[in-house]
Amino acid sequence: MVLPQRIHAQALRHSAQAHHGRARNNTQTTHERDYQLLDEEVRDASRGAVELGLAQALASARQTVAMRLVDQVDGDTEAGAEIVAKEAEVDIEVARRIVSGRLRTPVASCADFLNSDHSAAGTPCAVSFLLCFACRNAVATGRDLPRIAYLHQALESLRSAVTPAVWAADWAAHHARIGDFLTTYTTTDSRPRLVAAAVESDRELIHAMLERRLDP
C-alpha cells in the first residue's frame with residue numbers, strides 16, 4: 001500500500017498505539033514513555049490529573065515539614081550545644097555531636113540515624129536526604145541555612161528541565177516542603193544572601209544529592 005505524502009508507517013503506528021490505550025507488541029513502560037507521553041491529545045487529557053496530583057503533593061508536603069531549626073547556633077561551643085539540647089529537645093551528648101558536625105547530613109544533622117521516620121525502627125535510615133525535611137530527627141542550625149537555600153534554588157532550576165509529570169511525581173513535594181521550611185524560618189530578603197554564602201563544597205554536595213549519588 002502506498003501511503004499519502006507526509007504520512008508514514010511509524011506515524012500511523014504511534015497514533016494507533018497512543019489511542020488504543022495499551023501496549024501493543026512492546027512493554028507497558030515503552031507504551032507510556034514513547035507513545036502516550038509524546039501524544040498531544042493524551043497529554044492534554046492527562047493535564048487535569050497531573051495538576052490534581054501536584055496540588056495534592058504540595059498540600060501533603062506543607063503538612064509534613066518536621067525538621068527543626070536552631071538558627072542562633074552556628075559553631076562548635078558548649079553554649080551552642082546547650083541551646084540545641086533545649087530548643088531541639090535532644091540529649092546534651094547528641095547536641096554536642098550536632099554542633100561539632102559529627103552528625104551532619106547534606107541538609108542538617110541527624111539526631112537518631114537508627115530510628116528514622118521513614119525506615120524500619122532499629123535499622124539505618126535508607127531514604128534520600130531530601131526526606132530529612134519530613135523527619136523529626138533532623139535538626140538544622142544556622143550554618144545549614146546556606147545549603148538549604150541553595151538546594152531550593154537548585155530545585156527551581158531543575159523544574160524547567162523536566163516534564164510536568166516528572167516534576168509532580170519526583171520533585172514537587174520536596175520543593176514545597178523546603179520552600180515551606182524557608183518561608184517559616186527565613187525572610188524573602190535574606191535568601192539571596194544565604195544562597196551567596198553557600199561555598200563551592202556546599203554546592204557540590206547539593207548537586208550530588210540531587211543526582212542521587214548520595215542515596216543509600
# chains A, B, ... in the order shown; residues from 1 in each chain; ligands from 1
>>> select_by_dssp(residues="range 130-159 of chain A", states="strand (DSSP E or B)", output="ChimeraX atom specification")
/A:138-141
>>> write_last_selection(atoms="C-alpha atoms", output="compact mmCIF listing (two decimals), in the first residue's frame")
# COMPACT_ATOMS: atom_id res chain seq x y z
CA ALA A 138 16.55 16.26 61.56
CA VAL A 139 18.00 19.30 63.31
CA ALA A 140 19.33 22.24 61.30
CA THR A 141 21.46 25.04 62.71
>>> residues_around(residues="Val65 in chain A", least_positions_apart="3", cutoff="10 Å", atoms="only C-alpha atoms", output="list in words")
Ser60, Ala61, Arg62, Arg68, Leu131, Cys132, Phe133, Ala134, Cys135, Arg136, His174, Ala176, Arg177, Ile178, Gly179, Asp180 and Phe181 of chain A
>>> select_by_dssp(residues="range 104-161 of chain A", states="alpha helix (DSSP H)", output="PyMOL selection string")
chain A and resi 145-159
>>> write_last_selection(atoms="N, CA and C atoms", output="PDB file, in the first residue's frame")
ATOM      1  N   LEU A 145      21.714  26.748  56.850  1.00  0.00           N
ATOM      2  CA  LEU A 145      20.781  27.536  56.047  1.00  0.00           C
ATOM      3  C   LEU A 145      21.300  27.888  54.642  1.00  0.00           C
ATOM      4  N   PRO A 146      22.586  28.221  54.449  1.00  0.00           N
ATOM      5  CA  PRO A 146      23.042  28.482  53.076  1.00  0.00           C
ATOM      6  C   PRO A 146      22.853  27.289  52.152  1.00  0.00           C
ATOM      7  N   ARG A 147      23.145  26.079  52.638  1.00  0.00           N
ATOM      8  CA  ARG A 147      22.962  24.894  51.796  1.00  0.00           C
ATOM      9  C   ARG A 147      21.485  24.657  51.499  1.00  0.00           C
ATOM     10  N   ILE A 148      20.623  24.884  52.490  1.00  0.00           N
ATOM     11  CA  ILE A 148      19.189  24.688  52.283  1.00  0.00           C
ATOM     12  C   ILE A 148      18.652  25.694  51.267  1.00  0.00           C
ATOM     13  N   ALA A 149      19.079  26.939  51.379  1.00  0.00           N
ATOM     14  CA  ALA A 149      18.639  27.968  50.434  1.00  0.00           C
ATOM     15  C   ALA A 149      19.143  27.650  49.027  1.00  0.00           C
ATOM     16  N   TYR A 150      20.382  27.175  48.932  1.00  0.00           N
ATOM     17  CA  TYR A 150      20.920  26.814  47.617  1.00  0.00           C
ATOM     18  C   TYR A 150      20.182  25.606  47.047  1.00  0.00           C
ATOM     19  N   LEU A 151      19.826  24.650  47.905  1.00  0.00           N
ATOM     20  CA  LEU A 151      19.057  23.483  47.464  1.00  0.00           C
ATOM     21  C   LEU A 151      17.731  23.909  46.856  1.00  0.00           C
ATOM     22  N   HIS A 152      17.065  24.838  47.493  1.00  0.00           N
ATOM     23  CA  HIS A 152      15.771  25.305  46.979  1.00  0.00           C
ATOM     24  C   HIS A 152      15.962  25.972  45.618  1.00  0.00           C
ATOM     25  N   GLN A 153      17.008  26.755  45.466  1.00  0.00           N
ATOM     26  CA  GLN A 153      17.279  27.409  44.182  1.00  0.00           C
ATOM     27  C   GLN A 153      17.596  26.368  43.111  1.00  0.00           C
ATOM     28  N   ALA A 154      18.367  25.329  43.480  1.00  0.00           N
ATOM     29  CA  ALA A 154      18.722  24.282  42.522  1.00  0.00           C
ATOM     30  C   ALA A 154      17.482  23.528  42.056  1.00  0.00           C
ATOM     31  N   LEU A 155      16.547  23.306  42.971  1.00  0.00           N
ATOM     32  CA  LEU A 155      15.298  22.651  42.586  1.00  0.00           C
ATOM     33  C   LEU A 155      14.480  23.534  41.650  1.00  0.00           C
ATOM     34  N   GLU A 156      14.498  24.835  41.888  1.00  0.00           N
ATOM     35  CA  GLU A 156      13.810  25.757  40.989  1.00  0.00           C
ATOM     36  C   GLU A 156      14.371  25.633  39.575  1.00  0.00           C
ATOM     37  N   SER A 157      15.682  25.522  39.444  1.00  0.00           N
ATOM     38  CA  SER A 157      16.304  25.372  38.138  1.00  0.00           C
ATOM     39  C   SER A 157      15.943  24.035  37.505  1.00  0.00           C
ATOM     40  N   LEU A 158      15.882  22.994  38.326  1.00  0.00           N
ATOM     41  CA  LEU A 158      15.539  21.670  37.822  1.00  0.00           C
ATOM     42  C   LEU A 158      14.119  21.625  37.276  1.00  0.00           C
ATOM     43  N   ARG A 159      13.251  22.436  37.851  1.00  0.00           N
ATOM     44  CA  ARG A 159      11.832  22.420  37.461  1.00  0.00           C
ATOM     45  C   ARG A 159      11.640  22.667  35.969  1.00  0.00           C
TER      46      ARG A 159
END
>>> atom_distance(atom1="CA of Ala88 in chain A", atom2="CA of Arg191 in chain A")
23.1 Å
>>> atom_distance(atom1="CA of Ala66 in chain A", atom2="CA of Thr184 in chain A")
11.8 Å
>>> atom_distance(atom1="CA of Ile98 in chain A", atom2="CA of Gln72 in chain A")
13.7 Å
>>> residues_around(residues="range 91-96 of chain A", least_positions_apart="2", cutoff="7 Å", atoms="only C-alpha atoms", output="list of chain:residue names")
A:Ala81, A:Glu82, A:Val84, A:Ala85, A:Glu89, A:Ile98, A:Val99, A:Ser100, A:Ala111
>>> write_last_selection(atoms="all heavy atoms", output="mmCIF file, in the first residue's frame")
data_model
loop_
_atom_site.group_PDB
_atom_site.id
_atom_site.type_symbol
_atom_site.label_atom_id
_atom_site.label_comp_id
_atom_site.auth_asym_id
_atom_site.auth_seq_id
_atom_site.Cartn_x
_atom_site.Cartn_y
_atom_site.Cartn_z
ATOM 1 N N ALA A 81 25.797 23.876 72.177
ATOM 2 C CA ALA A 81 25.239 22.545 72.423
ATOM 3 C C ALA A 81 24.082 22.621 73.409
ATOM 4 O O ALA A 81 23.057 21.938 73.244
ATOM 5 C CB ALA A 81 26.326 21.615 72.935
ATOM 6 N N GLU A 82 24.214 23.441 74.416
ATOM 7 C CA GLU A 82 23.142 23.578 75.406
ATOM 8 C C GLU A 82 21.886 24.181 74.775
ATOM 9 O O GLU A 82 20.762 23.766 75.085
ATOM 10 C CB GLU A 82 23.631 24.431 76.577
ATOM 11 C CG GLU A 82 24.706 23.738 77.414
ATOM 12 C CD GLU A 82 25.288 24.646 78.482
ATOM 13 O OE1 GLU A 82 24.887 25.836 78.532
ATOM 14 O OE2 GLU A 82 26.144 24.178 79.260
ATOM 15 N N VAL A 84 21.052 23.916 71.558
ATOM 16 C CA VAL A 84 20.473 22.879 70.693
ATOM 17 C C VAL A 84 19.725 21.850 71.524
ATOM 18 O O VAL A 84 18.616 21.426 71.163
ATOM 19 C CB VAL A 84 21.578 22.197 69.848
ATOM 20 C CG1 VAL A 84 21.030 20.948 69.163
ATOM 21 C CG2 VAL A 84 22.124 23.166 68.808
ATOM 22 N N ALA A 85 20.308 21.442 72.649
ATOM 23 C CA ALA A 85 19.650 20.451 73.502
ATOM 24 C C ALA A 85 18.297 20.951 73.984
ATOM 25 O O ALA A 85 17.308 20.198 73.993
ATOM 26 C CB ALA A 85 20.549 20.107 74.688
ATOM 27 N N GLU A 89 15.179 19.714 71.848
ATOM 28 C CA GLU A 89 14.744 18.667 72.785
ATOM 29 C C GLU A 89 15.479 17.352 72.531
ATOM 30 O O GLU A 89 14.871 16.288 72.365
ATOM 31 C CB GLU A 89 13.231 18.474 72.706
ATOM 32 C CG GLU A 89 12.448 19.731 73.081
ATOM 33 C CD GLU A 89 10.941 19.528 73.015
ATOM 34 O OE1 GLU A 89 10.490 18.583 72.335
ATOM 35 O OE2 GLU A 89 10.215 20.313 73.636
ATOM 36 N N ILE A 98 25.982 17.261 67.332
ATOM 37 C CA ILE A 98 25.377 18.082 66.274
ATOM 38 C C ILE A 98 26.227 19.325 66.019
ATOM 39 O O ILE A 98 26.570 19.634 64.871
ATOM 40 C CB ILE A 98 23.933 18.478 66.638
ATOM 41 C CG1 ILE A 98 23.016 17.253 66.528
ATOM 42 C CG2 ILE A 98 23.428 19.607 65.730
ATOM 43 C CD1 ILE A 98 21.596 17.498 67.013
ATOM 44 N N VAL A 99 26.573 20.062 67.061
ATOM 45 C CA VAL A 99 27.322 21.307 66.858
ATOM 46 C C VAL A 99 28.747 21.049 66.396
ATOM 47 O O VAL A 99 29.367 21.912 65.759
ATOM 48 C CB VAL A 99 27.306 22.197 68.131
ATOM 49 C CG1 VAL A 99 25.883 22.571 68.508
ATOM 50 C CG2 VAL A 99 28.030 21.527 69.295
ATOM 51 N N SER A 100 29.277 19.859 66.681
ATOM 52 C CA SER A 100 30.633 19.540 66.232
ATOM 53 C C SER A 100 30.661 19.070 64.778
ATOM 54 O O SER A 100 31.737 18.922 64.191
ATOM 55 C CB SER A 100 31.242 18.450 67.125
ATOM 56 O OG SER A 100 30.593 17.198 66.908
ATOM 57 N N ALA A 111 19.695 13.377 64.452
ATOM 58 C CA ALA A 111 19.793 13.099 65.885
ATOM 59 C C ALA A 111 19.640 11.622 66.221
ATOM 60 O O ALA A 111 19.995 11.194 67.315
ATOM 61 C CB ALA A 111 18.730 13.903 66.645
#
>>> closest_residue(among="A:Leu205, A:Ser109, A:Arg212, A:Phe129", to="Val90 in chain A", atoms="only C-alpha atoms")
A:Ser109
